[in-house]
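A.B. asks: Can you read through this structure? Questions will come right after.
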Amino acid sequence: MFRKLKAYVSYRLARKLFHWSWFVQQPRGWRWLEGQFARMANLGNVGAQSFYGHILTFRGRGLGAREEGVRLLRLAAQGGDGKAAYQIGVLSLAGSLGKAPDPVEAARWWKMAAKAGHPLAQIRLEQLG
């Protein structure tokens, strides 16, 4: 219980500090932020999975960062996060998930995103149509 509370408080602080560019640019500061994001995502927090998944997918460095980001986005999407579901649909349609472009899979993710209230998901479904 205390561990989860401490992780949550640290995560909220990290989200605030994430907007301070001078802190993010410090290697030690960035490592601390990343640790808080990863810990909260690993505890199953859907918002943290989505947030950290987006960071790793589009800005991650190192081997496996993109794959881990996509994994976290999928977990968040399955947990009901519309933004994550929308992004997985975009990646599916672009063929960026290590497979050929798959409009059927993209539509499945976008339906999930539309159900969660993502504003662009319905538009993309109609365009795919």
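In the structure tokens, each chain is lettered A, B, ... as it comes, each chain's residues begin at 1, and ligands are numbered from 1 in order of appearance.
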As a PDB file with C-alpha atoms, in the first residue's frame, please: every residue in region 5-119 of chain A that DSSP puts in alpha helix (DSSP H).
C.D. replies:
ATOM      1  CA  LEU A   5       1.259   5.564  -2.723  1.00  0.00           C
ATOM      2  CA  LYS A   6       4.925   6.535  -2.862  1.00  0.00           C
ATOM      3  CA  ALA A   7       5.071   5.507  -6.545  1.00  0.00           C
ATOM      4  CA  TYR A   8       1.956   7.562  -7.314  1.00  0.00           C
ATOM      5  CA  VAL A   9       3.274  10.694  -5.585  1.00  0.00           C
ATOM      6  CA  SER A  10       6.645  10.345  -7.312  1.00  0.00           C
ATOM      7  CA  TYR A  11       4.905   9.853 -10.647  1.00  0.00           C
ATOM      8  CA  ARG A  12       2.790  12.991 -10.204  1.00  0.00           C
ATOM      9  CA  LEU A  13       5.912  14.982  -9.325  1.00  0.00           C
ATOM     10  CA  ALA A  14       7.711  13.547 -12.362  1.00  0.00           C
ATOM     11  CA  ARG A  15       4.823  14.567 -14.626  1.00  0.00           C
ATOM     12  CA  LYS A  16       5.117  18.141 -13.306  1.00  0.00           C
ATOM     13  CA  LEU A  17       8.909  18.196 -13.706  1.00  0.00           C
ATOM     14  CA  SER A  21      13.014  21.663 -19.956  1.00  0.00           C
ATOM     15  CA  TRP A  22      16.106  22.410 -17.878  1.00  0.00           C
ATOM     16  CA  PHE A  23      15.331  19.388 -15.668  1.00  0.00           C
ATOM     17  CA  VAL A  24      14.614  17.067 -18.589  1.00  0.00           C
ATOM     18  CA  PRO A  27      20.922  13.272 -17.721  1.00  0.00           C
ATOM     19  CA  ARG A  28      20.404  12.525 -14.047  1.00  0.00           C
ATOM     20  CA  GLY A  29      17.050  14.293 -14.036  1.00  0.00           C
ATOM     21  CA  TRP A  30      15.876  12.442 -17.134  1.00  0.00           C
ATOM     22  CA  ARG A  31      16.908   9.059 -15.674  1.00  0.00           C
ATOM     23  CA  TRP A  32      14.910   9.820 -12.525  1.00  0.00           C
ATOM     24  CA  LEU A  33      11.852  10.864 -14.559  1.00  0.00           C
ATOM     25  CA  GLU A  34      12.063   7.767 -16.702  1.00  0.00           C
ATOM     26  CA  GLY A  35      12.316   5.586 -13.615  1.00  0.00           C
ATOM     27  CA  GLN A  36       9.134   7.091 -12.157  1.00  0.00           C
ATOM     28  CA  PHE A  37       7.256   6.706 -15.446  1.00  0.00           C
ATOM     29  CA  ALA A  38       8.393   3.089 -15.820  1.00  0.00           C
ATOM     30  CA  ARG A  39       7.563   2.181 -12.222  1.00  0.00           C
ATOM     31  CA  MET A  40       4.031   3.534 -12.452  1.00  0.00           C
ATOM     32  CA  ALA A  41       3.467   1.900 -15.856  1.00  0.00           C
ATOM     33  CA  ASN A  42       4.675  -1.433 -14.466  1.00  0.00           C
ATOM     34  CA  VAL A  46      -3.252   2.968 -17.628  1.00  0.00           C
ATOM     35  CA  GLY A  47      -2.448   6.684 -17.815  1.00  0.00           C
ATOM     36  CA  ALA A  48       1.213   6.037 -17.072  1.00  0.00           C
ATOM     37  CA  GLN A  49       1.327   3.216 -19.618  1.00  0.00           C
ATOM     38  CA  SER A  50      -0.075   5.551 -22.260  1.00  0.00           C
ATOM     39  CA  PHE A  51       2.183   8.471 -21.358  1.00  0.00           C
ATOM     40  CA  TYR A  52       5.397   6.469 -21.089  1.00  0.00           C
ATOM     41  CA  GLY A  53       4.429   4.339 -24.090  1.00  0.00           C
ATOM     42  CA  HIS A  54       4.144   7.468 -26.234  1.00  0.00           C
ATOM     43  CA  ILE A  55       7.513   8.722 -25.014  1.00  0.00           C
ATOM     44  CA  LEU A  56       9.262   5.437 -25.757  1.00  0.00           C
ATOM     45  CA  THR A  57       7.557   4.897 -29.108  1.00  0.00           C
ATOM     46  CA  PHE A  58       8.356   8.301 -30.528  1.00  0.00           C
ATOM     47  CA  ARG A  59      11.360   9.557 -28.537  1.00  0.00           C
ATOM     48  CA  ALA A  65      12.660   1.248 -26.578  1.00  0.00           C
ATOM     49  CA  ARG A  66      10.195   1.424 -29.464  1.00  0.00           C
ATOM     50  CA  GLU A  67       8.990  -2.148 -28.898  1.00  0.00           C
ATOM     51  CA  GLU A  68       8.483  -1.461 -25.203  1.00  0.00           C
ATOM     52  CA  GLY A  69       6.622   1.734 -26.066  1.00  0.00           C
ATOM     53  CA  VAL A  70       4.265  -0.110 -28.404  1.00  0.00           C
ATOM     54  CA  ARG A  71       3.734  -2.810 -25.760  1.00  0.00           C
ATOM     55  CA  LEU A  72       2.794  -0.175 -23.195  1.00  0.00           C
ATOM     56  CA  LEU A  73       0.495   1.564 -25.673  1.00  0.00           C
ATOM     57  CA  ARG A  74      -1.289  -1.729 -26.342  1.00  0.00           C
ATOM     58  CA  LEU A  75      -1.730  -2.341 -22.622  1.00  0.00           C
ATOM     59  CA  ALA A  76      -3.108   1.173 -22.154  1.00  0.00           C
ATOM     60  CA  ALA A  77      -5.448   0.781 -25.123  1.00  0.00           C
ATOM     61  CA  GLN A  78      -6.757  -2.504 -23.771  1.00  0.00           C
ATOM     62  CA  GLY A  82      -8.478   6.237 -26.270  1.00  0.00           C
ATOM     63  CA  LYS A  83      -5.292   8.084 -27.195  1.00  0.00           C
ATOM     64  CA  ALA A  84      -3.236   4.898 -26.983  1.00  0.00           C
ATOM     65  CA  ALA A  85      -5.786   2.931 -29.036  1.00  0.00           C
ATOM     66  CA  TYR A  86      -5.832   5.650 -31.689  1.00  0.00           C
ATOM     67  CA  GLN A  87      -2.040   5.654 -31.919  1.00  0.00           C
ATOM     68  CA  ILE A  88      -1.840   1.864 -32.247  1.00  0.00           C
ATOM     69  CA  GLY A  89      -4.346   2.160 -35.094  1.00  0.00           C
ATOM     70  CA  VAL A  90      -2.153   4.757 -36.808  1.00  0.00           C
ATOM     71  CA  LEU A  91       0.912   2.546 -36.405  1.00  0.00           C
ATOM     72  CA  SER A  92      -1.013  -0.490 -37.707  1.00  0.00           C
ATOM     73  CA  LEU A  93      -2.152   1.338 -40.819  1.00  0.00           C
ATOM     74  CA  ALA A  94       1.353   2.675 -41.473  1.00  0.00           C
ATOM     75  CA  PRO A 103      -6.362  -1.609 -42.280  1.00  0.00           C
ATOM     76  CA  VAL A 104      -8.499  -4.224 -40.507  1.00  0.00           C
ATOM     77  CA  GLU A 105      -6.366  -4.054 -37.375  1.00  0.00           C
ATOM     78  CA  ALA A 106      -6.267  -0.241 -37.591  1.00  0.00           C
ATOM     79  CA  ALA A 107     -10.072  -0.151 -37.762  1.00  0.00           C
ATOM     80  CA  ARG A 108     -10.310  -2.421 -34.715  1.00  0.00           C
ATOM     81  CA  TRP A 109      -8.093  -0.086 -32.666  1.00  0.00           C
ATOM     82  CA  TRP A 110      -9.887   3.025 -33.934  1.00  0.00           C
ATOM     83  CA  LYS A 111     -13.268   1.557 -32.970  1.00  0.00           C
ATOM     84  CA  MET A 112     -11.870   1.043 -29.503  1.00  0.00           C
ATOM     85  CA  ALA A 113     -10.563   4.630 -29.470  1.00  0.00           C
ATOM     86  CA  ALA A 114     -13.889   6.037 -30.692  1.00  0.00           C
ATOM     87  CA  LYS A 115     -15.683   4.131 -27.962  1.00  0.00           C
TER      88      LYS A 115
END
A.B. asks: Between CA of Gly64 (chain A) and CA of Gln26 (chain A), what is the spacing in Å?
C.D. replies: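 Atom-to-atom, CA of Gln26 (chain A) and CA of Gly64 (chain A) are spaced 22.5 Å apart.
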A.B. asks: Provide the CA of Gly79 (chain A) to CA of Ala116 (chain A) distance in Å, to one decimal place.
C.D. replies: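 Pair CA of Gly79 (chain A) / CA of Ala116 (chain A) returns 10.1 Å.
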A.B. asks: Using only C-alpha atoms, which residue out of A:Gly129, A:Gly95, A:Gly80, A:Gly62 lies closest to Gly117 (chain A)?
C.D. replies: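 Of A:Gly129, A:Gly95, A:Gly80, A:Gly62, the one nearest Gly117 (chain A), counting only C-alpha atoms, is A:Gly80.
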A.B. asks: What separation in Å, quoted to one decimal, exists between CA of His118 (chain A) and CA of Asp102 (chain A)?
C.D. replies: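 Spanning CA of His118 (chain A) to CA of Asp102 (chain A) is a straight-line distance of 20.4 Å.
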